[in-house]
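Contents: one structure, followed by commentary.
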Number of protein chains: 2
Amino acid sequence: MITNDDMDLVFHALAHQTRRRILDLVRDHPGQGVGELAKAFDVSRIAIMNHLKVLEEAGLLISQKDGRTRRLYLNAMPIQAIHERWIDAFSEVWADRLSFIKQAAEHVAKSNTKMKDGDHD
Amino acid sequence: MITNDDMDLVFHALAHQTRRRILDLVRDHPGQGVGELAKAFDVSRIAIMNHLKVLEEAGLLISQKDGRTRRLYLNAMPIQAIHERWIDAFSEVWADRLSFIKQAAEHVAKSNTKMKDGDHD
């Protein structure tokens with residue numbers, strides 16, 4: 001269960017181009033070290049460390065110590081939660097509506113058949 | 001194709017609790033009018049109109065004139081794009097990795113079988 005405050009952190013974290021790029025790289029290279037990751041950017045290592053902190057606090061990134069290297073992994077859970085909230089629930093609403101329309105159409109079709117049967121009497 | 005500027009708009013729009021709640025309501029009641037929607041909130045109608053503007057500019061909301069009513073619909077495309085960028089691509093990376101591990105395991109298994117066959121010679 002993701003609270004509203006957590007969601008604020010997630011969207012704030014994702015609202016920055018560099019942080020989205022970091023998630024792209026970590027997605028493609030699970031377990032990448034911080035040093036190696038920082039090489040892909042034109043900004044200071046300090047700036048990257050700050051972005052990593054924002055991403056970790058939002059729960060989008062997991063880091064693990066491996067000797068002197070800090071290894072980074074994407075945590076897809078918050079993004080999955082966004083999807084579940086608006087896409088899955090949205091699909092359910094439309095599935096319900098379509099099911100209602102289908103039932104209504106079947107009801108009309110049945111009534112028409114009955115009327116035709118009536119004609120034969 | 002969603003540009004980086006578009007993505008900034010999407011995440012900025014989603015980084016506000018009231019705007020997320022608006023998307024929830026529009027998801028559950030496709031075609032809801034602005035007046036009816038505004039009733040669900042304790043803030044001014046002007047404030048709601050401003051939030052709707054932010055959501056529309058981000059492409060998360062579609063509005064349609066219906067006489068004097070402006071009807072609102074969720075546009076799930078940007079949220080789908082977020083999912084595709086990090087979840088679908090993430091799954092592909094891991095599927096590739098698992099496929100590599102499976103191949104490696106099969107290779108080892110085959111080598112072991114050959115060694116055993118060799119034992120029988």
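Ligands are numbered from 1 in the order shown, chains are lettered A, B, ... in the order of the structure tokens, and residues start at 1 in each chain.
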
So that each row is one residue of chain B with an atom at most 7 Å from chain A, can you give its shortest atom pair and the distance in Å to one decimal, using only C-alpha atoms, rows by chain and rising number, as a Markdown table?
| residue | atom | partner | partner_atom | distance |
| --- | --- | --- | --- | --- |
| B:Asn4 | CA | A:Gln17 | CA | 6.6 |
| B:Asp8 | CA | A:Ala15 | CA | 5.1 |
| B:Phe11 | CA | A:Ala15 | CA | 4.9 |
| B:His12 | CA | A:Ala15 | CA | 5.9 |
| B:Leu14 | CA | A:Phe11 | CA | 6.3 |
| B:Ala15 | CA | A:Phe11 | CA | 4.9 |
| B:His16 | CA | A:Asp8 | CA | 6.7 |
| B:Gln17 | CA | A:Asn4 | CA | 6.6 |
| B:Arg27 | CA | A:Phe90 | CA | 5.6 |
| B:Asp28 | CA | A:Val93 | CA | 6.4 |
| B:Ala76 | CA | A:Ile87 | CA | 6.5 |
| B:Ile79 | CA | A:His83 | CA | 6.6 |
| B:His83 | CA | A:His83 | CA | 6.6 |
| B:Ile87 | CA | A:Ala76 | CA | 6.4 |
| B:Phe90 | CA | A:Arg27 | CA | 5.6 |
| B:Val93 | CA | A:Asp28 | CA | 6.3 |

Lay chain B over chain A using all C-alpha atoms, matched one to one in order, with a least-squares fit; then write it out as a CSV table (one decimal) with N, CA, C and O atoms, in the first residue's frame.
chain,number,residue,atom,x,y,z
B,1,MET,N,1.0,-1.2,0.2
B,1,MET,CA,0.1,0.0,0.1
B,1,MET,C,0.9,1.3,0.1
B,1,MET,O,1.7,1.5,1.0
B,2,ILE,N,0.8,2.1,-1.0
B,2,ILE,CA,1.6,3.3,-1.1
B,2,ILE,C,0.7,4.5,-0.7
B,2,ILE,O,-0.4,4.7,-1.2
B,3,THR,N,1.2,5.3,0.3
B,3,THR,CA,0.5,6.4,0.9
B,3,THR,C,0.6,7.6,-0.1
B,3,THR,O,1.4,7.6,-1.0
B,4,ASN,N,-0.2,8.6,0.2
B,4,ASN,CA,-0.2,9.8,-0.7
B,4,ASN,C,1.2,10.5,-0.6
B,4,ASN,O,1.7,11.0,-1.6
B,5,ASP,N,1.8,10.5,0.6
B,5,ASP,CA,3.1,11.1,0.8
B,5,ASP,C,4.1,10.4,0.0
B,5,ASP,O,5.0,11.0,-0.7
B,6,ASP,N,4.1,9.0,0.0
B,6,ASP,CA,5.0,8.2,-0.8
B,6,ASP,C,4.8,8.5,-2.3
B,6,ASP,O,5.8,8.6,-3.0
B,7,MET,N,3.6,8.6,-2.7
B,7,MET,CA,3.3,8.9,-4.1
B,7,MET,C,3.9,10.3,-4.5
B,7,MET,O,4.4,10.4,-5.6
B,8,ASP,N,3.8,11.3,-3.6
B,8,ASP,CA,4.4,12.6,-3.9
B,8,ASP,C,5.9,12.4,-4.1
B,8,ASP,O,6.4,13.0,-5.0
B,9,LEU,N,6.5,11.6,-3.3
B,9,LEU,CA,8.0,11.4,-3.4
B,9,LEU,C,8.3,10.7,-4.8
B,9,LEU,O,9.3,11.1,-5.5
B,10,VAL,N,7.5,9.7,-5.2
B,10,VAL,CA,7.7,9.0,-6.4
B,10,VAL,C,7.6,9.9,-7.6
B,10,VAL,O,8.5,10.0,-8.5
B,11,PHE,N,6.5,10.7,-7.6
B,11,PHE,CA,6.3,11.6,-8.8
B,11,PHE,C,7.3,12.8,-8.8
B,11,PHE,O,7.8,13.2,-9.9
B,12,HIS,N,7.7,13.3,-7.6
B,12,HIS,CA,8.7,14.3,-7.6
B,12,HIS,C,10.0,13.7,-8.1
B,12,HIS,O,10.7,14.4,-8.9
B,13,ALA,N,10.4,12.5,-7.7
B,13,ALA,CA,11.6,11.9,-8.2
B,13,ALA,C,11.6,11.7,-9.7
B,13,ALA,O,12.6,11.9,-10.4
B,14,LEU,N,10.5,11.3,-10.2
B,14,LEU,CA,10.4,11.0,-11.7
B,14,LEU,C,10.3,12.3,-12.5
B,14,LEU,O,10.4,12.2,-13.8
B,15,ALA,N,10.0,13.4,-11.9
B,15,ALA,CA,9.8,14.7,-12.6
B,15,ALA,C,11.1,15.3,-13.0
B,15,ALA,O,11.2,16.5,-13.3
B,16,HIS,N,12.2,14.6,-13.0
B,16,HIS,CA,13.5,15.1,-13.4
B,16,HIS,C,14.2,14.2,-14.4
B,16,HIS,O,14.3,13.0,-14.2
B,17,GLN,N,14.6,14.8,-15.5
B,17,GLN,CA,15.1,14.0,-16.7
B,17,GLN,C,16.3,13.2,-16.3
B,17,GLN,O,16.4,12.0,-16.7
B,18,THR,N,17.2,13.7,-15.5
B,18,THR,CA,18.5,13.0,-15.1
B,18,THR,C,18.1,11.8,-14.3
B,18,THR,O,18.7,10.7,-14.5
B,19,ARG,N,17.1,11.9,-13.4
B,19,ARG,CA,16.7,10.8,-12.6
B,19,ARG,C,16.0,9.7,-13.4
B,19,ARG,O,16.2,8.5,-13.2
B,20,ARG,N,15.3,10.1,-14.4
B,20,ARG,CA,14.6,9.1,-15.3
B,20,ARG,C,15.7,8.4,-16.1
B,20,ARG,O,15.6,7.2,-16.3
B,21,ARG,N,16.7,9.1,-16.5
B,21,ARG,CA,17.8,8.5,-17.3
B,21,ARG,C,18.6,7.5,-16.4
B,21,ARG,O,19.0,6.4,-16.8
B,22,ILE,N,18.8,7.9,-15.1
B,22,ILE,CA,19.5,7.0,-14.1
B,22,ILE,C,18.7,5.6,-14.1
B,22,ILE,O,19.2,4.6,-14.1
B,23,LEU,N,17.3,5.8,-13.9
B,23,LEU,CA,16.5,4.6,-13.9
B,23,LEU,C,16.6,3.7,-15.1
B,23,LEU,O,16.6,2.5,-15.1
B,24,ASP,N,16.7,4.4,-16.3
B,24,ASP,CA,16.9,3.7,-17.6
B,24,ASP,C,18.2,2.8,-17.5
B,24,ASP,O,18.2,1.6,-17.9
B,25,LEU,N,19.3,3.4,-17.0
B,25,LEU,CA,20.6,2.8,-17.0
B,25,LEU,C,20.6,1.6,-16.0
B,25,LEU,O,21.1,0.5,-16.3
B,26,VAL,N,20.0,1.8,-14.8
B,26,VAL,CA,19.9,0.8,-13.8
B,26,VAL,C,19.0,-0.4,-14.3
B,26,VAL,O,19.3,-1.5,-13.9
B,27,ARG,N,18.0,0.0,-15.0
B,27,ARG,CA,17.1,-1.0,-15.6
B,27,ARG,C,17.9,-1.9,-16.5
B,27,ARG,O,17.8,-3.2,-16.5
B,28,ASP,N,18.7,-1.3,-17.4
B,28,ASP,CA,19.5,-2.1,-18.4
B,28,ASP,C,20.7,-2.8,-17.8
B,28,ASP,O,21.2,-3.7,-18.4
B,29,HIS,N,21.2,-2.3,-16.7
B,29,HIS,CA,22.4,-2.9,-16.1
B,29,HIS,C,22.2,-3.1,-14.6
B,29,HIS,O,22.8,-2.4,-13.7
B,30,PRO,N,21.4,-4.1,-14.2
B,30,PRO,CA,21.1,-4.3,-12.8
B,30,PRO,C,22.4,-4.6,-12.1
B,30,PRO,O,23.2,-5.4,-12.5
B,31,GLY,N,22.6,-3.9,-10.9
B,31,GLY,CA,23.8,-4.1,-10.1
B,31,GLY,C,24.9,-3.2,-10.5
B,31,GLY,O,26.1,-3.4,-10.0
B,32,GLN,N,24.7,-2.3,-11.4
B,32,GLN,CA,25.7,-1.3,-11.8
B,32,GLN,C,26.2,-0.5,-10.6
B,32,GLN,O,25.4,-0.2,-9.7
B,33,GLY,N,27.5,-0.3,-10.5
B,33,GLY,CA,28.1,0.5,-9.4
B,33,GLY,C,27.9,2.0,-9.6
B,33,GLY,O,27.7,2.4,-10.8
B,34,VAL,N,27.9,2.8,-8.5
B,34,VAL,CA,27.7,4.2,-8.6
B,34,VAL,C,28.7,4.9,-9.5
B,34,VAL,O,28.4,5.8,-10.3
B,35,GLY,N,30.0,4.5,-9.3
B,35,GLY,CA,31.0,5.2,-10.1
B,35,GLY,C,30.8,5.0,-11.6
B,35,GLY,O,30.9,6.0,-12.3
B,36,GLU,N,30.6,3.8,-12.0
B,36,GLU,CA,30.3,3.5,-13.4
B,36,GLU,C,29.1,4.3,-13.9
B,36,GLU,O,29.2,4.8,-15.0
B,37,LEU,N,28.1,4.3,-13.1
B,37,LEU,CA,26.8,5.0,-13.5
B,37,LEU,C,27.2,6.5,-13.7
B,37,LEU,O,26.7,7.1,-14.7
B,38,ALA,N,27.9,7.1,-12.8
B,38,ALA,CA,28.2,8.6,-12.8
B,38,ALA,C,28.9,8.9,-14.1
B,38,ALA,O,28.7,10.0,-14.6
B,39,LYS,N,29.7,8.0,-14.6
B,39,LYS,CA,30.5,8.3,-15.9
B,39,LYS,C,29.6,8.6,-17.1
B,39,LYS,O,30.0,9.2,-18.0
B,40,ALA,N,28.3,8.1,-17.0
B,40,ALA,CA,27.4,8.3,-18.1
B,40,ALA,C,26.9,9.7,-18.2
B,40,ALA,O,26.1,10.1,-19.1
B,41,PHE,N,27.2,10.5,-17.1
B,41,PHE,CA,26.5,11.9,-17.1
B,41,PHE,C,27.6,13.0,-17.1
B,41,PHE,O,28.7,12.7,-16.6
B,42,ASP,N,27.2,14.1,-17.5
B,42,ASP,CA,28.1,15.3,-17.6
B,42,ASP,C,28.1,16.1,-16.3
B,42,ASP,O,28.7,17.2,-16.3
B,43,VAL,N,27.4,15.7,-15.3
B,43,VAL,CA,27.3,16.5,-14.1
B,43,VAL,C,28.2,15.9,-13.0
B,43,VAL,O,28.8,14.8,-13.2
B,44,SER,N,28.4,16.6,-11.9
B,44,SER,CA,29.4,16.1,-10.9
B,44,SER,C,28.8,14.9,-10.2
B,44,SER,O,27.6,14.6,-10.2
B,45,ARG,N,29.8,14.1,-9.6
B,45,ARG,CA,29.4,12.9,-8.9
B,45,ARG,C,28.5,13.3,-7.7
B,45,ARG,O,27.6,12.5,-7.4
B,46,ILE,N,28.7,14.4,-7.1
B,46,ILE,CA,27.9,14.9,-6.0
B,46,ILE,C,26.4,15.0,-6.5
B,46,ILE,O,25.5,14.6,-5.8
B,47,ALA,N,26.3,15.6,-7.6
B,47,ALA,CA,24.9,15.8,-8.2
B,47,ALA,C,24.3,14.5,-8.4
B,47,ALA,O,23.1,14.3,-8.1
B,48,ILE,N,25.0,13.5,-8.9
B,48,ILE,CA,24.5,12.2,-9.1
B,48,ILE,C,24.1,11.5,-7.8
B,48,ILE,O,23.0,10.9,-7.7
B,49,MET,N,24.9,11.7,-6.8
B,49,MET,CA,24.7,11.1,-5.5
B,49,MET,C,23.3,11.7,-4.9
B,49,MET,O,22.5,11.0,-4.3
B,50,ASN,N,23.1,13.0,-5.1
B,50,ASN,CA,21.9,13.6,-4.7
B,50,ASN,C,20.7,13.0,-5.4
B,50,ASN,O,19.6,12.8,-4.8
B,51,HIS,N,20.8,12.8,-6.7
B,51,HIS,CA,19.7,12.2,-7.5
B,51,HIS,C,19.4,10.8,-7.0
B,51,HIS,O,18.3,10.4,-6.9
B,52,LEU,N,20.5,10.1,-6.7
B,52,LEU,CA,20.3,8.7,-6.2
B,52,LEU,C,19.6,8.7,-4.9
B,52,LEU,O,18.7,7.8,-4.6
B,53,LYS,N,19.9,9.7,-4.0
B,53,LYS,CA,19.2,9.8,-2.7
B,53,LYS,C,17.7,10.0,-2.9
B,53,LYS,O,16.9,9.3,-2.3
B,54,VAL,N,17.4,10.9,-3.8
B,54,VAL,CA,15.9,11.2,-4.1
B,54,VAL,C,15.3,9.9,-4.6
B,54,VAL,O,14.1,9.6,-4.2
B,55,LEU,N,15.9,9.2,-5.5
B,55,LEU,CA,15.3,8.0,-6.1
B,55,LEU,C,15.2,6.9,-5.0
B,55,LEU,O,14.2,6.2,-5.0
B,56,GLU,N,16.2,6.8,-4.1
B,56,GLU,CA,16.1,5.8,-3.1
B,56,GLU,C,15.0,6.1,-2.1
B,56,GLU,O,14.3,5.2,-1.6
B,57,GLU,N,14.9,7.4,-1.7
B,57,GLU,CA,13.8,7.8,-0.8
B,57,GLU,C,12.4,7.6,-1.3
B,57,GLU,O,11.5,7.3,-0.6
B,58,ALA,N,12.3,7.6,-2.6
B,58,ALA,CA,11.1,7.4,-3.3
B,58,ALA,C,10.8,5.9,-3.5
B,58,ALA,O,9.7,5.5,-3.9
B,59,GLY,N,11.8,5.1,-3.2
B,59,GLY,CA,11.6,3.6,-3.3
B,59,GLY,C,11.8,3.1,-4.7
B,59,GLY,O,11.4,2.0,-5.0
B,60,LEU,N,12.3,4.0,-5.6
B,60,LEU,CA,12.5,3.5,-7.0
B,60,LEU,C,13.8,2.8,-7.3
B,60,LEU,O,14.0,2.2,-8.3
B,61,LEU,N,14.7,3.0,-6.3
B,61,LEU,CA,16.1,2.4,-6.4
B,61,LEU,C,16.4,1.7,-5.1
B,61,LEU,O,16.1,2.2,-4.1
B,62,ILE,N,17.1,0.6,-5.3
B,62,ILE,CA,17.7,-0.1,-4.1
B,62,ILE,C,19.2,-0.2,-4.3
B,62,ILE,O,19.7,-0.4,-5.4
B,63,SER,N,19.9,0.1,-3.2
B,63,SER,CA,21.4,0.0,-3.3
B,63,SER,C,21.9,-1.0,-2.3
B,63,SER,O,21.3,-1.2,-1.3
B,64,GLN,N,23.0,-1.7,-2.7
B,64,GLN,CA,23.5,-2.7,-1.9
B,64,GLN,C,25.0,-2.6,-1.9
B,64,GLN,O,25.6,-2.5,-2.9
B,65,LYS,N,25.6,-2.6,-0.7
B,65,LYS,CA,27.1,-2.6,-0.6
B,65,LYS,C,27.7,-3.9,-1.0
B,65,LYS,O,27.2,-5.0,-0.7
B,66,ASP,N,28.8,-3.8,-1.8
B,66,ASP,CA,29.5,-5.0,-2.3
B,66,ASP,C,31.0,-4.6,-2.2
B,66,ASP,O,31.5,-4.1,-3.2
B,67,GLY,N,31.5,-4.8,-1.1
B,67,GLY,CA,32.9,-4.4,-0.8
B,67,GLY,C,32.9,-2.9,-0.8
B,67,GLY,O,32.1,-2.3,-0.1
B,68,ARG,N,33.7,-2.2,-1.7
B,68,ARG,CA,33.8,-0.8,-1.8
B,68,ARG,C,32.8,-0.2,-2.8
B,68,ARG,O,32.7,1.0,-3.0
B,69,THR,N,32.1,-1.1,-3.5
B,69,THR,CA,31.2,-0.7,-4.5
B,69,THR,C,29.7,-0.6,-4.0
B,69,THR,O,29.3,-1.5,-3.2
B,70,ARG,N,29.0,0.4,-4.3
B,70,ARG,CA,27.6,0.4,-4.0
B,70,ARG,C,26.8,0.1,-5.3
B,70,ARG,O,26.9,0.8,-6.3
B,71,ARG,N,26.1,-1.1,-5.3
B,71,ARG,CA,25.5,-1.6,-6.5
B,71,ARG,C,24.0,-1.1,-6.5
B,71,ARG,O,23.3,-1.1,-5.4
B,72,LEU,N,23.5,-0.8,-7.7
B,72,LEU,CA,22.2,-0.2,-7.8
B,72,LEU,C,21.2,-1.1,-8.6
B,72,LEU,O,21.6,-1.7,-9.5
B,73,TYR,N,20.0,-1.2,-8.1
B,73,TYR,CA,18.9,-2.0,-8.7
B,73,TYR,C,17.7,-1.2,-8.8
B,73,TYR,O,17.3,-0.4,-7.9
B,74,LEU,N,17.0,-1.3,-9.9
B,74,LEU,CA,15.6,-0.7,-10.1
B,74,LEU,C,14.6,-1.4,-9.2
B,74,LEU,O,14.6,-2.6,-9.1
B,75,ASN,N,13.8,-0.6,-8.5
B,75,ASN,CA,12.7,-1.3,-7.8
B,75,ASN,C,11.4,-0.8,-8.5
B,75,ASN,O,11.0,0.3,-8.5
B,76,ALA,N,10.8,-1.8,-9.2
B,76,ALA,CA,9.7,-1.4,-10.1
B,76,ALA,C,8.4,-1.3,-9.4
B,76,ALA,O,7.4,-0.9,-10.0
B,77,MET,N,8.3,-1.6,-8.1
B,77,MET,CA,7.1,-1.7,-7.3
B,77,MET,C,6.3,-0.4,-7.4
B,77,MET,O,5.1,-0.4,-7.7
B,78,PRO,N,6.9,0.8,-7.2
B,78,PRO,CA,6.1,2.0,-7.2
B,78,PRO,C,5.5,2.3,-8.6
B,78,PRO,O,4.3,2.8,-8.7
B,79,ILE,N,6.2,1.9,-9.7
B,79,ILE,CA,5.7,2.1,-11.0
B,79,ILE,C,4.6,1.1,-11.3
B,79,ILE,O,3.6,1.5,-11.9
B,80,GLN,N,4.7,-0.1,-10.8
B,80,GLN,CA,3.6,-1.1,-10.9
B,80,GLN,C,2.4,-0.5,-10.2
B,80,GLN,O,1.2,-0.7,-10.7
B,81,ALA,N,2.6,0.1,-9.0
B,81,ALA,CA,1.4,0.7,-8.3
B,81,ALA,C,0.7,1.8,-9.1
B,81,ALA,O,-0.5,1.9,-9.0
B,82,ILE,N,1.4,2.6,-9.8
B,82,ILE,CA,0.8,3.6,-10.6
B,82,ILE,C,0.0,3.0,-11.7
B,82,ILE,O,-1.2,3.4,-11.9
B,83,HIS,N,0.5,1.9,-12.3
B,83,HIS,CA,-0.2,1.2,-13.3
B,83,HIS,C,-1.5,0.6,-12.8
B,83,HIS,O,-2.6,0.7,-13.4
B,84,GLU,N,-1.4,-0.1,-11.6
B,84,GLU,CA,-2.6,-0.7,-11.0
B,84,GLU,C,-3.6,0.3,-10.7
B,84,GLU,O,-4.8,0.0,-10.9
B,85,ARG,N,-3.2,1.5,-10.2
B,85,ARG,CA,-4.2,2.5,-9.8
B,85,ARG,C,-5.0,3.0,-11.0
B,85,ARG,O,-6.2,3.2,-10.8
B,86,TRP,N,-4.3,3.3,-12.1
B,86,TRP,CA,-5.1,3.9,-13.2
B,86,TRP,C,-5.4,3.0,-14.4
B,86,TRP,O,-6.4,3.2,-15.0
B,87,ILE,N,-4.5,2.1,-14.7
B,87,ILE,CA,-4.7,1.3,-15.9
B,87,ILE,C,-5.6,0.1,-15.6
B,87,ILE,O,-6.6,-0.1,-16.2
B,88,ASP,N,-5.2,-0.7,-14.5
B,88,ASP,CA,-5.9,-1.9,-14.2
B,88,ASP,C,-7.3,-1.6,-13.8
B,88,ASP,O,-8.3,-2.1,-14.2
B,89,ALA,N,-7.4,-0.5,-12.9
B,89,ALA,CA,-8.7,-0.1,-12.3
B,89,ALA,C,-9.6,0.4,-13.5
B,89,ALA,O,-10.8,0.2,-13.6
B,90,PHE,N,-9.0,1.2,-14.4
B,90,PHE,CA,-9.6,1.8,-15.5
B,90,PHE,C,-10.2,0.7,-16.4
B,90,PHE,O,-11.3,0.7,-16.9
B,91,SER,N,-9.4,-0.4,-16.7
B,91,SER,CA,-9.8,-1.5,-17.5
B,91,SER,C,-11.0,-2.2,-16.9
B,91,SER,O,-11.9,-2.6,-17.6
B,92,GLU,N,-11.0,-2.3,-15.5
B,92,GLU,CA,-12.1,-2.9,-14.8
B,92,GLU,C,-13.4,-2.1,-15.0
B,92,GLU,O,-14.5,-2.7,-15.3
B,93,VAL,N,-13.3,-0.8,-14.9
B,93,VAL,CA,-14.5,0.1,-15.1
B,93,VAL,C,-15.1,-0.2,-16.5
B,93,VAL,O,-16.3,-0.4,-16.6
B,94,TRP,N,-14.2,-0.2,-17.5
B,94,TRP,CA,-14.7,-0.4,-18.9
B,94,TRP,C,-15.2,-1.8,-19.1
B,94,TRP,O,-16.1,-2.0,-19.8
B,95,ALA,N,-14.5,-2.8,-18.5
B,95,ALA,CA,-15.0,-4.2,-18.6
B,95,ALA,C,-16.4,-4.3,-18.0
B,95,ALA,O,-17.3,-4.9,-18.6
B,96,ASP,N,-16.6,-3.7,-16.9
B,96,ASP,CA,-18.0,-3.7,-16.3
B,96,ASP,C,-19.0,-3.0,-17.2
B,96,ASP,O,-20.1,-3.6,-17.4
B,97,ARG,N,-18.6,-1.9,-17.8
B,97,ARG,CA,-19.5,-1.2,-18.7
B,97,ARG,C,-19.8,-2.0,-19.9
B,97,ARG,O,-20.9,-2.1,-20.4
B,98,LEU,N,-18.8,-2.6,-20.5
B,98,LEU,CA,-18.9,-3.4,-21.7
B,98,LEU,C,-19.8,-4.6,-21.4
B,98,LEU,O,-20.7,-5.0,-22.2
B,99,SER,N,-19.6,-5.2,-20.2
B,99,SER,CA,-20.4,-6.4,-19.8
B,99,SER,C,-21.9,-6.0,-19.7
B,99,SER,O,-22.8,-6.7,-20.1
B,100,PHE,N,-22.1,-4.7,-19.2
B,100,PHE,CA,-23.5,-4.2,-19.0
B,100,PHE,C,-24.1,-4.0,-20.4
B,100,PHE,O,-25.2,-4.4,-20.7
B,101,ILE,N,-23.3,-3.4,-21.3
B,101,ILE,CA,-23.8,-3.2,-22.7
B,101,ILE,C,-24.1,-4.5,-23.4
B,101,ILE,O,-25.2,-4.7,-24.1
B,102,LYS,N,-23.2,-5.5,-23.2
B,102,LYS,CA,-23.4,-6.9,-23.8
B,102,LYS,C,-24.8,-7.5,-23.2
B,102,LYS,O,-25.6,-8.0,-24.0
B,103,GLN,N,-24.9,-7.4,-21.9
B,103,GLN,CA,-26.2,-7.9,-21.3
B,103,GLN,C,-27.4,-7.2,-21.9
B,103,GLN,O,-28.4,-7.9,-22.2
B,104,ALA,N,-27.3,-5.9,-22.0
B,104,ALA,CA,-28.4,-5.1,-22.5
B,104,ALA,C,-28.7,-5.5,-23.9
B,104,ALA,O,-29.9,-5.7,-24.3
B,105,ALA,N,-27.6,-5.7,-24.7
B,105,ALA,CA,-27.8,-6.1,-26.1
B,105,ALA,C,-28.5,-7.5,-26.2
B,105,ALA,O,-29.4,-7.7,-27.1
B,106,GLU,N,-28.0,-8.4,-25.4
B,106,GLU,CA,-28.6,-9.8,-25.4
B,106,GLU,C,-30.1,-9.7,-25.0
B,106,GLU,O,-30.9,-10.5,-25.5
B,107,HIS,N,-30.4,-8.9,-24.0
B,107,HIS,CA,-31.8,-8.7,-23.6
B,107,HIS,C,-32.6,-8.2,-24.7
B,107,HIS,O,-33.7,-8.8,-25.0
B,108,VAL,N,-32.1,-7.2,-25.5
B,108,VAL,CA,-32.9,-6.7,-26.6
B,108,VAL,C,-33.0,-7.8,-27.7
B,108,VAL,O,-34.1,-8.0,-28.2
B,109,ALA,N,-31.9,-8.5,-27.9
B,109,ALA,CA,-32.0,-9.6,-28.9
B,109,ALA,C,-33.0,-10.6,-28.6
B,109,ALA,O,-33.8,-11.1,-29.4
B,110,LYS,N,-33.1,-11.0,-27.2
B,110,LYS,CA,-34.0,-12.0,-26.8
B,110,LYS,C,-35.5,-11.5,-27.0
B,110,LYS,O,-36.3,-12.2,-27.4
B,111,SER,N,-35.6,-10.2,-26.6
B,111,SER,CA,-37.0,-9.6,-26.7
B,111,SER,C,-37.4,-9.7,-28.2
B,111,SER,O,-38.6,-10.0,-28.5
B,112,ASN,N,-36.5,-9.3,-29.1
B,112,ASN,CA,-36.8,-9.3,-30.5
B,112,ASN,C,-37.2,-10.7,-31.0
B,112,ASN,O,-38.1,-10.9,-31.7
B,113,THR,N,-36.4,-11.8,-30.5
B,113,THR,CA,-36.7,-13.1,-30.9
B,113,THR,C,-38.1,-13.5,-30.4
B,113,THR,O,-38.9,-14.1,-31.1
B,114,LYS,N,-38.4,-13.1,-29.2
B,114,LYS,CA,-39.8,-13.4,-28.6
B,114,LYS,C,-40.9,-12.8,-29.4
B,114,LYS,O,-41.9,-13.4,-29.7
B,115,MET,N,-40.6,-11.5,-29.8
B,115,MET,CA,-41.6,-10.8,-30.7
B,115,MET,C,-41.8,-11.6,-32.0
B,115,MET,O,-42.9,-11.7,-32.4
B,116,LYS,N,-40.7,-12.0,-32.6
B,116,LYS,CA,-40.8,-12.8,-33.8
B,116,LYS,C,-41.6,-14.1,-33.6
B,116,LYS,O,-42.4,-14.4,-34.4
B,117,ASP,N,-41.2,-14.8,-32.5
B,117,ASP,CA,-41.9,-16.0,-32.2
B,117,ASP,C,-43.4,-15.7,-32.1
B,117,ASP,O,-44.3,-16.5,-32.6
B,118,GLY,N,-43.7,-14.6,-31.5
B,118,GLY,CA,-45.1,-14.1,-31.3
B,118,GLY,C,-45.8,-14.0,-32.6
B,118,GLY,O,-46.9,-14.3,-32.8
B,119,ASP,N,-45.0,-13.4,-33.6
B,119,ASP,CA,-45.5,-13.2,-35.0
B,119,ASP,C,-46.1,-14.5,-35.6
B,119,ASP,O,-47.0,-14.5,-36.3
B,120,HIS,N,-45.4,-15.6,-35.2
B,120,HIS,CA,-45.8,-16.9,-35.8
B,120,HIS,C,-47.0,-17.5,-35.2
B,120,HIS,O,-47.7,-18.3,-35.8
B,121,ASP,N,-47.4,-17.0,-34.0
B,121,ASP,CA,-48.6,-17.6,-33.3
B,121,ASP,C,-49.9,-17.2,-34.1
B,121,ASP,O,-50.0,-16.2,-34.7

Which of chain A fall in helix (DSSP H, G or I), as a PyMOL selection string: chain A and resi 4-14+17-28+34-39+45-57+77-120

Backbone-only DSSP, strand (DSSP E) members of chain B, as a PyMOL selection string: chain B and resi 32-33+61-66+69-74
